[in-house]
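Working notes for the structure below.
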Amino acid sequence: MKISLITVGKTDVNWVREGLDLYVSRLSHYIPFTLDEIPELRNASSLTQGQIKDREGALILKRIKDGDELILLDERGREFRSVELSAWLGEKLSRSSRDLVFVIGGAYGFSDAVYARADGKLSLSRMTFSHQMVRTIFAEQLYRAFTILKGEPYHHE
């Protein structure tokens with residue numbers, strides 16, 4: 001199994017990029033992990049929100065293989081405490097050989113086609129974070145989940 005994170009748009013805020021790179025590097029000690037940043041659409045200002053979601057959705061779906069388990073980071077998704085996320089992830093690791101693909105959508109969310117293909121949805125919080133910040137927050141939570149699974153002294157509870 002491997003884990004991928006697909007994002008719409010490049011990570012262009014320096015401190016967010018530094019944090020993301022740190023946790024991507026740490027995750028590689030636990031599992032094969034890849035980050036796939038889909039470039040922003042060209043001439044998006046001339047498109048409607050629906051057109052943007054549909055075009056971004058098509059780009060997302062092109063990166064998903066038939067056997068992948070697709071999990072969307074979505075405000076209407078299931079919320080976990082860190083230890084619960086760790087248990088959920090541990091269950092996935094022990095019961096499935098499917099690759100896990102997490103997706104952070106663009107500013108307007110996901111197209112209907114992406115929602116239809118998704119196997120699940122996770123929410124990091126009921127609060128709204130910038131799409132840039134969510135990348136680092138999510139990578140850190142994945143790293144934290146693995147340290148909890150391994151019994152390492154990163155998470156304190």
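Here's how to read the names in the structure tokens: chain A, B, ... by the order shown, residue numbers from 1 in each chain, ligand numbers from 1 in the order shown.
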
Please identify every residue of segment 63-122 of chain A that has at least one atom no farther than 9 Å from an atom of segment 137-141 of chain A, counting only C-alpha atoms, and for each give the shortest atom pair and the distance in Å to one decimal, arranged by chain then increasing number, as CSV.
```
residue,atom,partner,partner_atom,distance
A:Leu73,CA,A:Phe138,CA,8.9
A:Ser82,CA,A:Gln141,CA,6.9
A:Leu85,CA,A:Gln141,CA,8.2
A:Ser86,CA,A:Gln141,CA,8.8
```

For the residues selected in the previous step, produce a file with N, CA and C atoms as a compact mmCIF listing (two decimals), in the first residue's frame.
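again_27.txt was written with the following content:
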```txt
# COMPACT_ATOMS: atom_id res chain seq x y z
N LEU A 73 -10.85 15.33 1.27
CA LEU A 73 -10.84 16.21 2.43
C LEU A 73 -11.93 17.24 2.16
N SER A 82 -7.10 12.77 16.70
CA SER A 82 -5.87 12.21 16.12
C SER A 82 -5.74 10.72 16.40
N LEU A 85 -8.10 8.91 14.06
CA LEU A 85 -7.56 8.86 12.70
C LEU A 85 -6.49 7.78 12.61
N SER A 86 -5.67 7.68 13.62
CA SER A 86 -4.64 6.66 13.65
C SER A 86 -5.25 5.26 13.61
```

Next item on the list: Pull the strand (DSSP E or B) assignments for segment 1-89 of chain A out of DSSP run on the backbone, and list those residues as a VMD selection string.
Entry: chain A and resid 3 to 8 33 to 38 69 to 79

Margin query: Can you tell me which residues surround Phe129 of chain A at a distance of at most 12 Å, considering only C-alpha atoms, apart from same-chain residues fewer than 4 positions away, and format the answer as a list in words?
Written below: Leu73, Asp74, Glu75, Ile104, Ala107, Ser123, Leu124, Ser125, Met133, Val134, Arg135, Thr136, Ile137 and Phe138 of chain A

Note to self: If we count only C-alpha atoms and set the cut-off at 12 Å, which residues sit around Leu59 of chain A, ignoring sequence neighbours fewer than 2 positions away in its own chain? Please answer as a VMD selection string.
What the structure shows: chain A and resid 6 to 9 36 to 41 52 to 57 61 to 64 103 105 to 106 110 to 111 113 to 114

Residues from last step as file, N, CA and C atoms, as a PDB file, in the first residue's frame:
```
ATOM      1  N   ILE A   6      -3.264  14.389  -3.362  1.00  0.00           N
ATOM      2  CA  ILE A   6      -3.437  15.211  -4.557  1.00  0.00           C
ATOM      3  C   ILE A   6      -4.005  16.546  -4.118  1.00  0.00           C
ATOM      4  N   THR A   7      -3.415  17.624  -4.628  1.00  0.00           N
ATOM      5  CA  THR A   7      -3.906  18.963  -4.320  1.00  0.00           C
ATOM      6  C   THR A   7      -4.147  19.708  -5.621  1.00  0.00           C
ATOM      7  N   VAL A   8      -5.092  20.617  -5.594  1.00  0.00           N
ATOM      8  CA  VAL A   8      -5.341  21.481  -6.743  1.00  0.00           C
ATOM      9  C   VAL A   8      -4.593  22.783  -6.499  1.00  0.00           C
ATOM     10  N   GLY A   9      -3.680  23.092  -7.381  1.00  0.00           N
ATOM     11  CA  GLY A   9      -2.856  24.288  -7.245  1.00  0.00           C
ATOM     12  C   GLY A   9      -1.541  23.966  -6.560  1.00  0.00           C
ATOM     13  N   ASP A  36       1.056  15.061  -5.194  1.00  0.00           N
ATOM     14  CA  ASP A  36       0.785  15.380  -6.590  1.00  0.00           C
ATOM     15  C   ASP A  36       0.019  16.692  -6.629  1.00  0.00           C
ATOM     16  N   GLU A  37       0.689  17.744  -7.064  1.00  0.00           N
ATOM     17  CA  GLU A  37       0.068  19.061  -7.132  1.00  0.00           C
ATOM     18  C   GLU A  37      -0.393  19.327  -8.566  1.00  0.00           C
ATOM     19  N   ILE A  38      -1.690  19.441  -8.741  1.00  0.00           N
ATOM     20  CA  ILE A  38      -2.263  19.733 -10.049  1.00  0.00           C
ATOM     21  C   ILE A  38      -2.141  21.242 -10.289  1.00  0.00           C
ATOM     22  N   PRO A  39      -1.569  21.645 -11.411  1.00  0.00           N
ATOM     23  CA  PRO A  39      -1.458  23.092 -11.679  1.00  0.00           C
ATOM     24  C   PRO A  39      -2.833  23.750 -11.743  1.00  0.00           C
ATOM     25  N   GLU A  40      -2.866  25.028 -11.360  1.00  0.00           N
ATOM     26  CA  GLU A  40      -4.121  25.777 -11.434  1.00  0.00           C
ATOM     27  C   GLU A  40      -4.546  25.916 -12.884  1.00  0.00           C
ATOM     28  N   LEU A  41      -5.832  26.015 -13.089  1.00  0.00           N
ATOM     29  CA  LEU A  41      -6.371  26.171 -14.434  1.00  0.00           C
ATOM     30  C   LEU A  41      -5.949  27.506 -15.030  1.00  0.00           C
ATOM     31  N   ILE A  52     -15.146  25.466 -13.370  1.00  0.00           N
ATOM     32  CA  ILE A  52     -13.859  25.265 -12.681  1.00  0.00           C
ATOM     33  C   ILE A  52     -13.869  23.920 -11.958  1.00  0.00           C
ATOM     34  N   LYS A  53     -14.947  23.657 -11.192  1.00  0.00           N
ATOM     35  CA  LYS A  53     -15.033  22.374 -10.474  1.00  0.00           C
ATOM     36  C   LYS A  53     -14.990  21.193 -11.439  1.00  0.00           C
ATOM     37  N   ASP A  54     -15.697  21.294 -12.555  1.00  0.00           N
ATOM     38  CA  ASP A  54     -15.717  20.193 -13.521  1.00  0.00           C
ATOM     39  C   ASP A  54     -14.343  19.961 -14.139  1.00  0.00           C
ATOM     40  N   ARG A  55     -13.654  21.024 -14.491  1.00  0.00           N
ATOM     41  CA  ARG A  55     -12.318  20.874 -15.108  1.00  0.00           C
ATOM     42  C   ARG A  55     -11.302  20.360 -14.093  1.00  0.00           C
ATOM     43  N   GLU A  56     -11.346  20.905 -12.882  1.00  0.00           N
ATOM     44  CA  GLU A  56     -10.452  20.393 -11.838  1.00  0.00           C
ATOM     45  C   GLU A  56     -10.782  18.935 -11.535  1.00  0.00           C
ATOM     46  N   GLY A  57     -12.072  18.615 -11.497  1.00  0.00           N
ATOM     47  CA  GLY A  57     -12.507  17.246 -11.235  1.00  0.00           C
ATOM     48  C   GLY A  57     -11.968  16.277 -12.265  1.00  0.00           C
ATOM     49  N   LEU A  61      -9.580  13.089 -11.439  1.00  0.00           N
ATOM     50  CA  LEU A  61      -9.966  11.718 -11.789  1.00  0.00           C
ATOM     51  C   LEU A  61      -8.963  11.056 -12.726  1.00  0.00           C
ATOM     52  N   LYS A  62      -8.257  11.823 -13.536  1.00  0.00           N
ATOM     53  CA  LYS A  62      -7.222  11.259 -14.414  1.00  0.00           C
ATOM     54  C   LYS A  62      -6.074  10.654 -13.600  1.00  0.00           C
ATOM     55  N   ARG A  63      -5.919  11.106 -12.372  1.00  0.00           N
ATOM     56  CA  ARG A  63      -4.808  10.643 -11.527  1.00  0.00           C
ATOM     57  C   ARG A  63      -5.190   9.464 -10.640  1.00  0.00           C
ATOM     58  N   ILE A  64      -6.457   9.077 -10.647  1.00  0.00           N
ATOM     59  CA  ILE A  64      -6.952   8.004  -9.786  1.00  0.00           C
ATOM     60  C   ILE A  64      -7.003   6.711 -10.587  1.00  0.00           C
ATOM     61  N   VAL A 103      -7.485  13.715  -1.388  1.00  0.00           N
ATOM     62  CA  VAL A 103      -7.526  14.859  -2.293  1.00  0.00           C
ATOM     63  C   VAL A 103      -7.999  16.105  -1.565  1.00  0.00           C
ATOM     64  N   GLY A 105      -9.315  19.630  -2.687  1.00  0.00           N
ATOM     65  CA  GLY A 105      -9.831  20.267  -3.890  1.00  0.00           C
ATOM     66  C   GLY A 105      -9.447  21.729  -3.989  1.00  0.00           C
ATOM     67  N   GLY A 106      -9.980  22.361  -5.002  1.00  0.00           N
ATOM     68  CA  GLY A 106      -9.750  23.779  -5.226  1.00  0.00           C
ATOM     69  C   GLY A 106     -10.674  24.638  -4.372  1.00  0.00           C
ATOM     70  N   PHE A 110     -15.353  20.162  -4.912  1.00  0.00           N
ATOM     71  CA  PHE A 110     -15.238  19.057  -5.857  1.00  0.00           C
ATOM     72  C   PHE A 110     -16.425  19.013  -6.810  1.00  0.00           C
ATOM     73  N   SER A 111     -16.191  18.478  -7.985  1.00  0.00           N
ATOM     74  CA  SER A 111     -17.267  18.265  -8.948  1.00  0.00           C
ATOM     75  C   SER A 111     -18.124  17.078  -8.511  1.00  0.00           C
ATOM     76  N   ALA A 113     -18.728  14.529 -10.245  1.00  0.00           N
ATOM     77  CA  ALA A 113     -18.054  13.302 -10.696  1.00  0.00           C
ATOM     78  C   ALA A 113     -17.023  12.835  -9.668  1.00  0.00           C
ATOM     79  N   VAL A 114     -16.332  13.760  -9.036  1.00  0.00           N
ATOM     80  CA  VAL A 114     -15.349  13.387  -8.004  1.00  0.00           C
ATOM     81  C   VAL A 114     -16.077  12.847  -6.777  1.00  0.00           C
TER      82      VAL A 114
END
```

Next item on the list: Figure out the distance between atom CA of Phe33 of chain A and atom CA of Ala116 of chain A, please, to one decimal in Å.
Entry: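 So the answer is 24.6 Å.
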
Margin query: With distances taken over only C-alpha atoms, which residue among A:Ala87, A:Leu27, A:Met1, A:Leu20 lies nearest Gln132 of chain A?
Written below: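 Going through A:Ala87, A:Leu27, A:Met1, A:Leu20 one by one, the smallest distance to Gln132 of chain A is for A:Leu20.
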
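Nearest to Val83 of chain A of all the residues A:Gly120, A:Asp68, A:Leu149, A:Lys2 is A:Leu149, based on only C-alpha atoms.
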
Next item on the list: Please run DSSP on the backbone and report, as a PyMOL selection string, all residues within segment 1-155 of chain A that come out as helix (DSSP H, G or I).
Entry: chain A and resi 14-27+44-46+49-62+82-95+112-117+131-149

Next item on the list: Pick out the closest residue to Leu142 of chain A from this set: A:Asp66, A:Glu84, A:Asp12, A:Asp119. Count only C-alpha atoms.
Entry: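 Ranking A:Asp66, A:Glu84, A:Asp12, A:Asp119 by distance to Leu142 of chain A, first place goes to A:Glu84.
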
Counting only C-alpha atoms, which residues of segment 50-152 of chain A fall within 9 Å of segment 28-31 of chain A, and what is the closest atom pair for each with its distance in Å at one decimal, ordered by chain and rising number, as a Markdown table?
```
| residue | atom | partner | partner_atom | distance |
| --- | --- | --- | --- | --- |
| A:Tyr143 | CA | A:Tyr30 | CA | 8.4 |
| A:Phe146 | CA | A:Tyr30 | CA | 6.9 |
| A:Thr147 | CA | A:Tyr30 | CA | 8.8 |
```

How would the residues just chosen look if you wrote them out with C-alpha atoms as a short mmCIF file (atom, residue, chain, number, x, y, z; two decimals), in the first residue's frame?
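For reference, out-v3.cif as written:
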```cif
data_model
loop_
_atom_site.label_atom_id
_atom_site.label_comp_id
_atom_site.auth_asym_id
_atom_site.auth_seq_id
_atom_site.Cartn_x
_atom_site.Cartn_y
_atom_site.Cartn_z
CA TYR A 143 2.57 11.72 10.34
CA PHE A 146 1.80 6.82 12.10
CA THR A 147 3.70 7.79 15.24
#
```

Checklist line | Distance of atom CA of Arg144 of chain A from atom CA of Leu70 of chain A, expressed in Å to one decimal place | finding: 20.6 Å
